[in-house]
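File shown here: my_file.cif, holding mmCIF, C-alpha atoms.
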data_target
loop_
_atom_site.group_PDB
_atom_site.id
_atom_site.type_symbol
_atom_site.label_atom_id
_atom_site.label_comp_id
_atom_site.auth_asym_id
_atom_site.auth_seq_id
_atom_site.Cartn_x
_atom_site.Cartn_y
_atom_site.Cartn_z
ATOM 1 C CA MET T 28 -76.390 -0.818 80.677
ATOM 2 C CA GLY T 29 -75.541 -4.510 80.899
ATOM 3 C CA LEU T 30 -78.043 -4.874 83.751
ATOM 4 C CA LEU T 31 -80.987 -4.016 81.496
ATOM 5 C CA ALA T 32 -82.609 -7.119 80.070
ATOM 6 C CA GLY T 33 -85.609 -7.852 77.889
ATOM 7 C CA ASP T 34 -86.446 -7.295 74.248
ATOM 8 C CA GLU T 35 -84.851 -4.083 72.971
ATOM 9 C CA LYS T 36 -84.847 -3.434 69.263
ATOM 10 C CA HIS T 37 -83.122 -0.043 69.437
ATOM 11 C CA ASP T 38 -79.718 -0.978 70.840
ATOM 12 C CA THR T 39 -77.761 1.450 68.688
ATOM 13 C CA ALA T 40 -80.184 4.259 69.491
ATOM 14 C CA ALA T 41 -79.181 3.763 73.113
ATOM 15 C CA THR T 42 -75.437 3.360 72.701
ATOM 16 C CA SER T 43 -75.218 6.364 70.368
ATOM 17 C CA THR T 44 -76.390 8.619 73.205
ATOM 18 C CA LEU T 45 -74.377 7.182 76.087
ATOM 19 C CA ASP T 46 -71.326 9.453 75.990
ATOM 20 C CA VAL T 47 -73.391 12.602 75.544
ATOM 21 C CA LEU T 48 -75.687 11.671 78.424
ATOM 22 C CA TRP T 49 -72.809 10.827 80.728
ATOM 23 C CA VAL T 50 -70.927 14.072 80.130
ATOM 24 C CA LEU T 51 -74.108 16.098 80.586
ATOM 25 C CA TYR T 52 -75.139 14.457 83.850
ATOM 26 C CA ASP T 53 -71.614 14.094 85.212
ATOM 27 C CA ARG T 54 -70.232 17.541 84.425
ATOM 28 C CA VAL T 55 -72.798 19.976 83.044
ATOM 29 C CA LEU T 56 -76.397 19.668 84.239
ATOM 30 C CA ARG T 57 -77.231 21.350 87.524
ATOM 31 C CA VAL T 58 -79.773 18.827 88.730
ATOM 32 C CA ASP T 59 -79.551 15.903 91.112
ATOM 33 C CA PRO T 60 -81.962 13.600 92.957
ATOM 34 C CA ALA T 61 -82.493 16.230 95.664
ATOM 35 C CA THR T 62 -83.375 19.037 93.221
ATOM 36 C CA ILE T 63 -85.665 17.373 90.670
ATOM 37 C CA GLU T 64 -88.529 19.672 91.705
ATOM 38 C CA ALA T 65 -86.459 22.814 92.365
ATOM 39 C CA PRO T 66 -87.484 25.797 90.195
ATOM 40 C CA GLY T 67 -83.846 26.723 89.597
ATOM 41 C CA ARG T 68 -82.761 23.312 88.308
ATOM 42 C CA ASP T 69 -81.542 22.742 84.779
ATOM 43 C CA ARG T 70 -84.042 20.894 82.581
ATOM 44 C CA PHE T 71 -83.035 17.954 80.392
ATOM 45 C CA LEU T 72 -85.560 16.736 77.811
ATOM 46 C CA LEU T 73 -84.963 13.461 76.003
ATOM 47 C CA SER T 74 -86.675 13.642 72.630
ATOM 48 C CA LYS T 75 -84.717 10.683 71.199
ATOM 49 C CA GLY T 76 -86.624 8.447 73.587
ATOM 50 C CA HIS T 77 -86.603 5.134 71.742
ATOM 51 C CA GLY T 78 -83.935 2.823 73.081
ATOM 52 C CA PRO T 79 -83.646 4.592 76.462
ATOM 53 C CA MET T 80 -81.247 2.078 78.026
ATOM 54 C CA ALA T 81 -78.358 4.553 78.239
ATOM 55 C CA TYR T 82 -80.623 7.181 79.798
ATOM 56 C CA TYR T 83 -81.837 4.785 82.476
ATOM 57 C CA ALA T 84 -78.304 3.588 83.180
ATOM 58 C CA VAL T 85 -77.048 7.146 83.675
ATOM 59 C CA LEU T 86 -80.026 8.048 85.873
ATOM 60 C CA ALA T 87 -79.284 4.996 88.016
ATOM 61 C CA ALA T 88 -75.567 5.774 88.203
ATOM 62 C CA LYS T 89 -76.387 9.293 89.401
ATOM 63 C CA GLY T 90 -78.907 8.126 91.998
ATOM 64 C CA PHE T 91 -82.156 9.268 90.375
ATOM 65 C CA VAL T 92 -83.534 5.718 90.195
ATOM 66 C CA PRO T 93 -82.570 2.555 92.099
ATOM 67 C CA GLU T 94 -80.106 0.317 90.323
ATOM 68 C CA GLU T 95 -82.401 -2.571 91.244
ATOM 69 C CA TRP T 96 -84.931 -1.302 88.700
ATOM 70 C CA LEU T 97 -82.636 -1.902 85.744
ATOM 71 C CA PRO T 98 -83.008 -5.697 85.253
ATOM 72 C CA GLY T 99 -86.787 -5.282 84.950
ATOM 73 C CA PHE T 100 -86.514 -2.922 81.974
ATOM 74 C CA GLY T 101 -89.474 -3.266 79.629
ATOM 75 C CA GLU T 102 -91.454 -5.626 81.832
ATOM 76 C CA TYR T 103 -95.146 -5.031 82.491
ATOM 77 C CA ALA T 104 -94.727 -3.938 86.119
ATOM 78 C CA SER T 105 -91.516 -1.970 85.608
ATOM 79 C CA PRO T 106 -91.489 1.849 85.618
ATOM 80 C CA LEU T 107 -88.711 1.661 83.015
ATOM 81 C CA GLY T 108 -90.611 1.370 79.773
ATOM 82 C CA HIS T 109 -89.426 1.426 76.178
ATOM 83 C CA HIS T 110 -90.042 5.172 76.278
ATOM 84 C CA PRO T 111 -89.411 7.146 79.489
ATOM 85 C CA ASP T 112 -92.524 8.156 81.433
ATOM 86 C CA ARG T 113 -92.225 11.378 83.443
ATOM 87 C CA THR T 114 -94.890 10.197 85.880
ATOM 88 C CA LEU T 115 -92.989 7.008 86.720
ATOM 89 C CA VAL T 116 -89.278 7.801 86.520
ATOM 90 C CA PRO T 117 -87.770 10.415 88.879
ATOM 91 C CA GLY T 118 -85.837 13.109 87.045
ATOM 92 C CA VAL T 119 -87.535 12.598 83.681
ATOM 93 C CA GLU T 120 -88.938 15.931 82.470
ATOM 94 C CA ILE T 121 -91.087 14.752 79.530
ATOM 95 C CA GLY T 122 -92.657 11.567 78.287
ATOM 96 C CA SER T 123 -91.148 10.824 74.895
ATOM 97 C CA GLY T 124 -93.043 9.397 71.971
ATOM 98 C CA SER T 125 -93.403 10.554 68.399
ATOM 99 C CA LEU T 126 -90.134 11.894 67.050
ATOM 100 C CA GLY T 127 -90.023 15.630 66.476
ATOM 101 C CA HIS T 128 -91.776 16.836 69.611
ATOM 102 C CA GLY T 129 -88.863 17.351 72.025
ATOM 103 C CA LEU T 130 -87.295 20.483 70.559
ATOM 104 C CA PRO T 131 -90.621 22.368 70.369
ATOM 105 C CA LEU T 132 -91.243 21.389 74.006
ATOM 106 C CA ALA T 133 -87.777 22.658 74.924
ATOM 107 C CA VAL T 134 -88.525 25.987 73.231
ATOM 108 C CA GLY T 135 -91.737 26.218 75.225
ATOM 109 C CA THR T 136 -89.870 25.347 78.426
ATOM 110 C CA ALA T 137 -87.299 28.078 77.814
ATOM 111 C CA LEU T 138 -90.067 30.576 77.101
ATOM 112 C CA GLY T 139 -91.922 29.536 80.242
ATOM 113 C CA LEU T 140 -88.841 29.978 82.412
ATOM 114 C CA ARG T 141 -88.252 33.400 80.881
ATOM 115 C CA ALA T 142 -91.858 34.396 81.570
ATOM 116 C CA GLN T 143 -91.399 33.391 85.211
ATOM 117 C CA GLY T 144 -88.258 35.498 85.501
ATOM 118 C CA LEU T 145 -86.053 32.413 85.962
ATOM 119 C CA ALA T 146 -82.973 33.410 84.004
ATOM 120 C CA ASP T 147 -80.539 30.912 85.512
ATOM 121 C CA PRO T 148 -81.865 27.430 84.590
ATOM 122 C CA ALA T 149 -80.549 25.982 81.346
ATOM 123 C CA VAL T 150 -82.768 23.885 79.086
ATOM 124 C CA TRP T 151 -81.173 20.954 77.258
ATOM 125 C CA VAL T 152 -82.832 18.688 74.710
ATOM 126 C CA LEU T 153 -81.312 15.638 73.016
ATOM 127 C CA ILE T 154 -82.632 14.798 69.556
ATOM 128 C CA GLY T 155 -81.628 12.445 66.766
ATOM 129 C CA ASP T 156 -80.650 13.533 63.285
ATOM 130 C CA GLY T 157 -83.614 11.613 61.877
ATOM 131 C CA GLU T 158 -85.945 13.868 63.858
ATOM 132 C CA LEU T 159 -84.910 16.743 61.629
ATOM 133 C CA ASP T 160 -87.059 15.169 58.927
ATOM 134 C CA GLU T 161 -89.982 16.509 60.977
ATOM 135 C CA GLY T 162 -91.194 20.034 60.223
ATOM 136 C CA SER T 163 -91.975 20.752 63.863
ATOM 137 C CA ASN T 164 -88.268 20.887 64.623
ATOM 138 C CA HIS T 165 -87.580 23.389 61.860
ATOM 139 C CA GLU T 166 -90.313 25.661 63.163
ATOM 140 C CA ALA T 167 -88.708 25.473 66.610
ATOM 141 C CA ILE T 168 -85.259 26.215 65.188
ATOM 142 C CA ALA T 169 -86.582 29.184 63.225
ATOM 143 C CA PHE T 170 -88.344 30.614 66.285
ATOM 144 C CA ALA T 171 -85.644 30.134 68.925
ATOM 145 C CA GLY T 172 -82.894 32.136 67.194
ATOM 146 C CA PRO T 173 -84.753 35.433 66.726
ATOM 147 C CA ALA T 174 -86.280 34.959 70.197
ATOM 148 C CA ALA T 175 -82.727 34.927 71.590
ATOM 149 C CA LEU T 176 -83.383 31.898 73.788
ATOM 150 C CA ASP T 177 -79.820 31.766 75.033
ATOM 151 C CA ARG T 178 -80.661 29.312 77.848
ATOM 152 C CA LEU T 179 -81.744 26.740 75.240
ATOM 153 C CA HIS T 180 -79.296 24.014 74.197
ATOM 154 C CA THR T 181 -79.855 21.227 71.665
ATOM 155 C CA VAL T 182 -77.668 18.161 71.241
ATOM 156 C CA VAL T 183 -78.164 16.372 67.920
ATOM 157 C CA ILE T 184 -76.914 12.784 67.742
ATOM 158 C CA ASP T 185 -75.728 12.502 64.144
ATOM 159 C CA ASN T 186 -75.433 8.837 63.198
ATOM 160 C CA ALA T 187 -76.383 9.484 59.564
ATOM 161 C CA SER T 188 -79.900 8.101 60.000
ATOM 162 C CA ALA T 189 -81.727 11.067 58.492
ATOM 163 C CA SER T 190 -83.335 10.393 55.132
ATOM 164 C CA ARG T 191 -83.263 14.015 53.976
ATOM 165 C CA SER T 192 -79.895 15.492 54.778
ATOM 166 C CA ARG T 193 -76.533 16.445 53.367
ATOM 167 C CA PRO T 194 -73.036 16.431 54.919
ATOM 168 C CA GLY T 195 -72.672 19.403 57.244
ATOM 169 C CA GLY T 196 -76.300 20.291 56.770
ATOM 170 C CA ILE T 197 -77.340 19.879 60.397
ATOM 171 C CA ALA T 198 -75.117 22.640 61.751
ATOM 172 C CA ALA T 199 -75.888 24.835 58.747
ATOM 173 C CA ARG T 200 -79.621 24.581 59.407
ATOM 174 C CA PHE T 201 -79.220 25.760 62.998
ATOM 175 C CA GLU T 202 -76.809 28.512 61.960
ATOM 176 C CA ALA T 203 -79.324 29.795 59.402
ATOM 177 C CA GLY T 204 -81.796 30.092 62.269
ATOM 178 C CA GLY T 205 -79.453 32.283 64.295
ATOM 179 C CA TRP T 206 -78.040 29.587 66.579
ATOM 180 C CA SER T 207 -74.499 29.098 67.839
ATOM 181 C CA THR T 208 -73.221 25.682 66.701
ATOM 182 C CA VAL T 209 -70.369 23.272 67.371
ATOM 183 C CA THR T 210 -69.794 19.898 65.674
ATOM 184 C CA VAL T 211 -67.786 17.324 67.638
ATOM 185 C CA ASP T 212 -66.913 13.647 67.961
ATOM 186 C CA GLY T 213 -69.786 12.236 69.987
ATOM 187 C CA ARG T 214 -67.474 9.793 71.800
ATOM 188 C CA ASP T 215 -64.824 12.337 72.872
ATOM 189 C CA HIS T 216 -65.715 13.424 76.408
ATOM 190 C CA ALA T 217 -63.301 16.361 76.498
ATOM 191 C CA ALA T 218 -64.589 17.676 73.176
ATOM 192 C CA LEU T 219 -68.199 17.207 74.264
ATOM 193 C CA TYR T 220 -67.619 19.109 77.497
ATOM 194 C CA ALA T 221 -65.906 21.959 75.642
ATOM 195 C CA ALA T 222 -68.785 22.121 73.163
ATOM 196 C CA PHE T 223 -71.434 22.015 75.896
ATOM 197 C CA THR T 224 -69.813 24.856 77.824
ATOM 198 C CA ALA T 225 -68.878 27.080 74.871
ATOM 199 C CA PRO T 226 -70.155 30.657 75.343
ATOM 200 C CA HIS T 227 -73.040 31.729 73.110
ATOM 201 C CA PRO T 228 -74.312 35.093 74.366
ATOM 202 C CA GLY T 229 -77.733 36.046 73.064
ATOM 203 C CA ARG T 230 -78.200 32.886 70.995
ATOM 204 C CA PRO T 231 -79.432 29.338 71.551
ATOM 205 C CA HIS T 232 -76.715 26.714 71.194
ATOM 206 C CA ALA T 233 -76.638 23.483 69.176
ATOM 207 C CA VAL T 234 -74.043 20.730 69.514
ATOM 208 C CA VAL T 235 -73.915 18.168 66.697
ATOM 209 C CA ALA T 236 -72.391 14.980 68.136
ATOM 210 C CA ARG T 237 -71.229 12.652 65.382
ATOM 211 C CA VAL T 238 -71.188 8.929 66.112
ATOM 212 C CA ASP T 239 -70.775 5.853 63.918
ATOM 213 C CA VAL T 240 -73.449 3.784 65.739
#
Since I need it in another form, could you write the structure as structure tokens?
Amino acid sequence: MGLLAGDEKHDTAATSTLDVLWVLYDRVLRVDPATIEAPGRDRFLLSKGHGPMAYYAVLAAKGFVPEEWLPGFGEYASPLGHHPDRTLVPGVEIGSGSLGHGLPLAVGTALGLRAQGLADPAVWVLIGDGELDEGSNHEAIAFAGPAALDRLHTVVIDNASASRSRPGGIAARFEAGGWSTVTVDGRDHAALYAAFTAPHPGRPHAVVARVDV
């Protein structure tokens, strides 16, 4: 991450996601630079796309993008913009933008894979707790549970930035929608891995990763 230069006003948005992203790409996601177009790959959707420095750093460390791209972050000619662009950055599944759109897209992705008879790929989406102020996410949560989208996984970075929340309310909201949930320390790699790989037959799975900043 230290290689990325330029004006970045969302530093904490990046650092809050770093441990989650590393554990996912290092130990969980079944996708690599050779399989970014393979139908059977796992899909990772970054909804919390502002401050993508950690995402770019992990993609570079895993060989999806050249490390030489990193110092040009945010420059006019650089493919590494202040929001990831799926048409410019290998391995990026969606272009992020307005908060609240990633989880609905992940639900649609899981439904599309099911319709194609692809039962093996997992769908992962990373969102911020502030995104849960958006009604689109609650519609997605309410739909995914009864639809039994058990290949759908959501990681919520909880850094207490939501304006309409209560302690413990994130997990409770997913549970009310029929999801499996785990709440963990978002810096503890062993706990994150255990939470990411916890069985949840017949239900989508949400991991609430708590971080200070």
Note to self: Quick check on the file I pasted: which residues fall under the PyMOL selection byres ((chain T and resi 68) around 9)? Write them as a count of residues only.
What the structure shows: 15
To test your reading of the syntax: which residues would the PyMOL selection byres ((chain T and resi 82-98) around 7) return for the file shown? Reply as a PDB file with C-alpha atoms, in the coordinates of the input.
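Generated file (result_9.pdb):
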ATOM      1  CA  MET T  28     -76.390  -0.818  80.677  1.00  0.00           C
ATOM      2  CA  LEU T  30     -78.043  -4.874  83.751  1.00  0.00           C
ATOM      3  CA  LEU T  31     -80.987  -4.016  81.496  1.00  0.00           C
ATOM      4  CA  ALA T  32     -82.609  -7.119  80.070  1.00  0.00           C
ATOM      5  CA  LEU T  48     -75.687  11.671  78.424  1.00  0.00           C
ATOM      6  CA  TRP T  49     -72.809  10.827  80.728  1.00  0.00           C
ATOM      7  CA  PRO T  60     -81.962  13.600  92.957  1.00  0.00           C
ATOM      8  CA  PRO T  79     -83.646   4.592  76.462  1.00  0.00           C
ATOM      9  CA  MET T  80     -81.247   2.078  78.026  1.00  0.00           C
ATOM     10  CA  ALA T  81     -78.358   4.553  78.239  1.00  0.00           C
ATOM     11  CA  GLY T  99     -86.787  -5.282  84.950  1.00  0.00           C
ATOM     12  CA  PHE T 100     -86.514  -2.922  81.974  1.00  0.00           C
ATOM     13  CA  PRO T 117     -87.770  10.415  88.879  1.00  0.00           C
ATOM     14  CA  GLY T 118     -85.837  13.109  87.045  1.00  0.00           C
TER      15      GLY T 118
END
Box along x, y and z, 5 Å on every side, all listed atoms of segment 147-165 of chain T inside: centre and edge lengths in Å to one decimal, as AutoDock Vina command-line options.
--center_x -86.3 --center_y 21.3 --center_z 72.2 --size_x 21.4 --size_y 29.3 --size_z 36.6
Item checked: Shell around Asp177 of chain T at 9 Å using only C-alpha atoms, local window under 6 positions removed, as JSON, numbers by chain -> {"T": [137, 149, 171, 206, 227, 228, 229, 230, 231, 232]}
Next item on the list: Enter the distance from atom CA of Asp112 of chain T to atom CA of Gly129 of chain T, in Å, rounded to one decimal.
Entry: 13.7 Å
Next item on the list: Could you state which residues are captured by the PyMOL selection byres ((chain T and resi 104-110) around 7) in this file, as a list in words?
Entry: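 For this structure, the PyMOL selection byres ((chain T and resi 104-110) around 7) captures Gly76, His77, Gly78, Pro79, Gly99, Phe100, Gly101, Glu102, Tyr103, Pro111, Asp112, Leu115, Val116, Ser123 and Gly124 of chain T.
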Next item on the list: Calculate how many Å separate atom CA of Ala187 of chain T from atom CA of Val55 of chain T, rounding to one decimal.
Entry: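 So the two atoms, atom CA of Ala187 of chain T and atom CA of Val55 of chain T, lie 26.0 Å apart.
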Next item on the list: Between T:Ser125, T:Thr224, T:Thr44, T:Asn164, single out the one closest to Ile184 of chain T, counting only C-alpha atoms.
Entry: T:Thr44
Check: Got a sec: who's within 10 Å of Ile168 of chain T, counting all atoms listed in the file, leaving out chain neighbours fewer than 3 positions off, as a list of chain:residue names?
Finding: T:Leu130, T:Pro131, T:Val134, T:Gly162, T:Ser163, T:Asn164, T:His165, T:Ala171, T:Gly172, T:Pro173, T:Thr181, T:Arg200, T:Phe201, T:Glu202, T:Ala203, T:Gly204, T:Gly205, T:Trp206, T:Pro231, T:Ala233
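In this model, the gap between atom CA of Asp215 of chain T and atom CA of Arg237 of chain T comes to 9.9 Å.
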Next item on the list: Determine, counting only C-alpha atoms, which protein, DNA and RNA residues have an atom within 7 Å of an atom of Leu126 of chain T; residues of the same chain fewer than 2 positions away are not included. Present the result as an MDAnalysis selection string.
Entry: chainID T and resid 74:75 124 128 158
Next item on the list: Find the residues around Val152 of chain T up to 6 Å (only C-alpha atoms counted), leave out those fewer than 5 positions away in its own chain, and share them as JSON, numbers by chain.
Entry: {"T": [71, 72, 73, 181]}
Margin query: So, with all atoms listed in the file as the atoms that count, which of T:Asn186, T:Leu176, T:Tyr220, T:Gly157 lies closest to Ser207 of chain T?
Written below: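 Checking each of T:Asn186, T:Leu176, T:Tyr220, T:Gly157 against Ser207 of chain T, counting all atoms listed in the file, the winner is T:Leu176.
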Next item on the list: Kindly indicate which residue among T:Val47, T:Ile121, T:Ala146, T:Ala169 lies nearest to Asp212 of chain T, using all atoms listed in the file for the distances.
Entry: T:Val47
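The shortest atom-to-atom distance to Leu51 of chain T, with all atoms listed in the file taken into account, belongs to T:Ala217 out of T:Leu145, T:Ala175, T:Ala217, T:Leu159.
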Next item on the list: Would you mind telling me which residue in T:Trp151, T:Val211, T:Val238, T:Asp38 lies nearest to Tyr52 of chain T when using all atoms listed in the file?
Entry: T:Trp151
